[in-house]
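**Q** Sharing a structure, written as structure tokens. Questions coming.
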Amino acid sequence: MDMNAPWYVYGVIGDGAGLAIALLLGIGFGWFLERGGMGSAKKLAGQFYFTDFAVFKIMFSAIVTAMLGLFWLSRLGWVDLAQVHVPETWLLPHIAGGIVFGVGFVMGGLCPGTSCVAATTGRIDGFMVVAGMASGIVGFGFAFPWIRWFYESTPRGALTLPEVFHLPHGVLVFLVVAIALGGFALAERIERLGLPRALSRDPELAAEGQGRS
Amino acid sequence: MSLSLPWAKLSTHQRLASIATVLGFLAIFAGSPYSGSLDRIARDAAEGTPQMAPLALAAAIRAQDGVIVIDARDSTAFADDHIPSATNLPLGMLAESRFSPRERVVVYAATDADATAAWLVLRAKGVRDVALVAGGLDGWLFRRDGAVARSAGVSRGAESVRGDRRARTLLRTASKKGRGSGIDRRAQRECIDGPVIKSRRDTTARAPELRCSLGRAATTAAAHPSSSARSISWSRNVSAVISRSRCCHANAIRKFCAT
């Protein structure tokens with residue numbers, strides 16, 4: 001069977017249709033983020049206090065769905081995986097960016113996508129995060145000549161997990177599914193029992209937690 | 001969650017988890033998701049890399065039917081001479097470029113090995129219709145087959161000009177000697193109007209202009225299809241003059257270049 005996706009790359013759809021689909025996907029993305037409660041900073045912050053694992057569940061559900069979908073669609077010849085863009089890894093800048101992102105996520109209670117959802121639903125903290133994000137982008141642009149040396153340091157190319165771990169694609173797909181499902185089960189348990197009881201091997205403590213819930 | 005449970009008794013979460021588990025487990029035995037395309041490239045390479053004859057390429061360039069010509073040599077070599085409409089993408093840059101899989105690409109390089117490497121790079125980047133210029137740039141420039149030159153239209157004059165090694169040798173010698181010359185009006189007129197110079201005594205050559213014209217002949221003709229008829233006529237005449245009399249007037253060539 002002839003591959004026909006990614007549609008835009010293969011010319012199945014043009015710029016107009018691509019933008020229209022992007023708009024529809026964006027509407028769907030925002031809709032489901034809001035439906036999942038991701039517009040609330042309190043709910044998101046719950047992730048970091050181990051009281052609400054909605055962020056973890058949504059992220060890993062998205063990862064597993066996209067991974068299985070891409071793997072099988074490309075294996076069946078409907079998607080040309082070689083045409084799917086893999087962003088390059090810049091080790092130290094990514095670590096630094098991750099730390100900044102994580103600290104900002106906990107302090108603000110929102111990430112870039114959810115801050116847009118929060119702002120759209122009229123939450124003031126959402127507006128403030130969006131404004132901060134915009135100023136950060138502009139500030140980065142002005143500061144770029146001075147931090148360029150760091151921005152472009154430790155390049156590692158377009159890395160994928162199978163390359164890093166020297167594992168076949170299929171094995172890695174299975175491992176990620178297993179980690180996700182195990183993580184979901186653990187997350188449910190922690191949500192139900194609280195972190196200390198969920199991780200405790202003491203049957204009495206766990207039973208106490210069960211009774212409480 | 002257990003697969004032994006009847007499907008109907010499972011919650012939505014459990015059903016989704018079951019589907020993910022099954023798909024994830026089967027993935028172990030499914031092989032690489034990239035293997036399909038790699039297999040195809042390997043098969044195509046084993047059958048021999050597709051080649052495009054200079055004649056067909058000239059026709060495609062002239063028809064402007066969307067074929068992309070890539071010159072995978074370095075920029076110095078590219079600046080010296082290249083196939084009309086070619087884009088200069090040395091091997092290193094080629095690997096970093098992005099192409100649409102539906103594009104038709106014809107590539108040539110300094111050596112056959114480089115050209116084959118460029119072919120592999122392009123195929124690995126997902127472009128399916130990649131061909132090499134048969135004979136490379138030399139194949140384009142030194143094509144001596146008269147039938148090819150006649151039917152190629154757009155570039156046949158230039159090819160013939162380049163194809164006549166004796167003429168080229170003569171011109172190169174003239175160039176080295178830096179020999180300028182006066183203008184022979186008969187040669188000029190005949191170059192432009194068509195008749196072939198029969199006699200060697202009229203031969204004069206201004207080497208730099210000739211050299212410029214030889215490199216650009218096909219380029220000019222292909223780049224200006226609107227004036228292609230005139231260009232073809234001129235290039236045919238120029239080629240005839242050079243190949244038969246091994247000379248032509250510099251002004252005729254200069255005019256041809258300016259077309």
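Identifiers for the structure tokens are assigned positionally: chains receive A, B, ... in sequence, residues are indexed from 1 per chain, and ligands are indexed from 1 in the order shown.
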Please build the interface table for chain A against chain B with a cut-off of 9 Å, listing for each qualifying residue the nearest atom pair and the distance in Å to one decimal; count only C-alpha atoms, order rows by chain and increasing number, and write it as JSON lines.

**A**
{"residue": "A:Val9", "atom": "CA", "partner": "B:Ser100", "partner_atom": "CA", "distance": 5.7}
{"residue": "A:Tyr10", "atom": "CA", "partner": "B:Pro101", "partner_atom": "CA", "distance": 5.9}
{"residue": "A:Gly11", "atom": "CA", "partner": "B:Arg102", "partner_atom": "CA", "distance": 7.3}
{"residue": "A:Val64", "atom": "CA", "partner": "B:Ala20", "partner_atom": "CA", "distance": 7.6}
{"residue": "A:Thr65", "atom": "CA", "partner": "B:Ala20", "partner_atom": "CA", "distance": 8.0}
{"residue": "A:Leu68", "atom": "CA", "partner": "B:Leu23", "partner_atom": "CA", "distance": 7.0}
{"residue": "A:Leu70", "atom": "CA", "partner": "B:Pro33", "partner_atom": "CA", "distance": 8.6}
{"residue": "A:Phe71", "atom": "CA", "partner": "B:Pro33", "partner_atom": "CA", "distance": 6.0}
{"residue": "A:Trp72", "atom": "CA", "partner": "B:Pro33", "partner_atom": "CA", "distance": 7.5}
{"residue": "A:Leu73", "atom": "CA", "partner": "B:Pro33", "partner_atom": "CA", "distance": 8.6}
{"residue": "A:Ser74", "atom": "CA", "partner": "B:Pro33", "partner_atom": "CA", "distance": 5.5}
{"residue": "A:Arg75", "atom": "CA", "partner": "B:Pro33", "partner_atom": "CA", "distance": 4.7}
{"residue": "A:Leu76", "atom": "CA", "partner": "B:Pro33", "partner_atom": "CA", "distance": 8.4}
{"residue": "A:Gly77", "atom": "CA", "partner": "B:Gly36", "partner_atom": "CA", "distance": 7.4}
{"residue": "A:Asp80", "atom": "CA", "partner": "B:Tyr34", "partner_atom": "CA", "distance": 7.7}
{"residue": "A:Leu81", "atom": "CA", "partner": "B:Tyr34", "partner_atom": "CA", "distance": 6.4}
{"residue": "A:Ala82", "atom": "CA", "partner": "B:Gly126", "partner_atom": "CA", "distance": 6.7}
{"residue": "A:Gln83", "atom": "CA", "partner": "B:Gly126", "partner_atom": "CA", "distance": 6.7}
{"residue": "A:Pro168", "atom": "CA", "partner": "B:Ser32", "partner_atom": "CA", "distance": 6.9}
{"residue": "A:His169", "atom": "CA", "partner": "B:Ser32", "partner_atom": "CA", "distance": 5.7}
{"residue": "A:Gly170", "atom": "CA", "partner": "B:Ile28", "partner_atom": "CA", "distance": 4.0}
{"residue": "A:Val171", "atom": "CA", "partner": "B:Ile28", "partner_atom": "CA", "distance": 4.7}
{"residue": "A:Leu172", "atom": "CA", "partner": "B:Ile28", "partner_atom": "CA", "distance": 8.0}
{"residue": "A:Val173", "atom": "CA", "partner": "B:Gly24", "partner_atom": "CA", "distance": 5.9}
{"residue": "A:Phe174", "atom": "CA", "partner": "B:Gly24", "partner_atom": "CA", "distance": 4.3}
{"residue": "A:Leu175", "atom": "CA", "partner": "B:Gly24", "partner_atom": "CA", "distance": 7.9}
{"residue": "A:Val176", "atom": "CA", "partner": "B:Gly24", "partner_atom": "CA", "distance": 8.3}
{"residue": "A:Val177", "atom": "CA", "partner": "B:Gly24", "partner_atom": "CA", "distance": 6.1}
{"residue": "A:Ala178", "atom": "CA", "partner": "B:Thr21", "partner_atom": "CA", "distance": 7.3}
{"residue": "A:Leu181", "atom": "CA", "partner": "B:Ala17", "partner_atom": "CA", "distance": 6.9}

**Q** Residues near region 121-126 of chain A, anyone? I mean within 9 Å using only C-alpha atoms, not counting same-chain ones fewer than 3 positions away, as a list in words.

**A**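 Counting only C-alpha atoms, the residues come to Glu34, Gly39, Ser40, Ala41, Gly108, Gly109, Leu110, Thr114, Ser115, Cys116, Val117, Ala118, Val129, Val130 and Ala131 of chain A.
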
**Q** Near His82 (chain B), within 10 Å and counting only C-alpha atoms, which residues show up once chain neighbours fewer than 2 positions away are dropped, as an MDAnalysis selection string?

**A** chainID B and resid 69:71 73 77:80 84:88 108 137 140:141 215:216 218:219

**Q** Skip Gln47 (chain A) itself and residues of its chain fewer than 4 positions away, then list as a count of residues only all residues within 12 Å of it, counting only C-alpha atoms.

**A** 23

**Q** In Å to one decimal, how far is CA of Ala66 (chain A) from CA of Asp39 (chain B)?

**A**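 CA of Asp39 (chain B) sits 24.6 Å away from CA of Ala66 (chain A).
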
**Q** As a PyMOL selection string, please: the residues near Thr89 (chain A) (cut-off 9 Å, only C-alpha atoms, same-chain neighbours under 6 positions excluded).

**A** chain A and resi 154-159

**Q** Deliver the residues from the most recent selection as a file, using all heavy atoms, as a short mmCIF file (atom, residue, chain, number, x, y, z; two decimals), in the first residue's frame.

**A**
data_model
loop_
_atom_site.label_atom_id
_atom_site.label_comp_id
_atom_site.auth_asym_id
_atom_site.auth_seq_id
_atom_site.Cartn_x
_atom_site.Cartn_y
_atom_site.Cartn_z
N THR A 154 26.07 21.47 23.46
CA THR A 154 25.79 20.03 23.65
C THR A 154 24.70 19.48 22.74
O THR A 154 23.73 18.89 23.19
CB THR A 154 25.40 19.74 25.12
OG1 THR A 154 24.26 20.53 25.47
CG2 THR A 154 26.54 20.01 26.06
N PRO A 155 24.87 19.66 21.43
CA PRO A 155 23.88 19.09 20.51
C PRO A 155 23.99 17.56 20.46
O PRO A 155 25.09 17.02 20.49
CB PRO A 155 24.24 19.71 19.16
CG PRO A 155 25.69 20.02 19.27
CD PRO A 155 25.97 20.31 20.72
N ARG A 156 22.87 16.89 20.43
CA ARG A 156 22.87 15.42 20.37
C ARG A 156 22.10 14.90 19.15
O ARG A 156 21.90 13.71 19.01
CB ARG A 156 22.24 14.84 21.63
CG ARG A 156 23.04 15.08 22.90
CD ARG A 156 24.33 14.26 22.89
NE ARG A 156 25.09 14.44 24.12
CZ ARG A 156 25.99 15.40 24.30
NH1 ARG A 156 26.24 16.26 23.34
NH2 ARG A 156 26.64 15.51 25.44
N GLY A 157 21.63 15.81 18.30
CA GLY A 157 20.88 15.39 17.11
C GLY A 157 19.47 14.96 17.47
O GLY A 157 19.02 15.12 18.60
N ALA A 158 18.79 14.41 16.48
CA ALA A 158 17.40 13.98 16.69
C ALA A 158 17.40 12.59 17.31
O ALA A 158 17.50 11.58 16.62
CB ALA A 158 16.66 13.98 15.36
N LEU A 159 17.33 12.55 18.62
CA LEU A 159 17.41 11.27 19.33
C LEU A 159 16.02 10.66 19.49
O LEU A 159 15.04 11.36 19.70
CB LEU A 159 18.01 11.47 20.72
CG LEU A 159 19.48 11.82 20.81
CD1 LEU A 159 19.88 11.96 22.27
CD2 LEU A 159 20.31 10.76 20.13
#
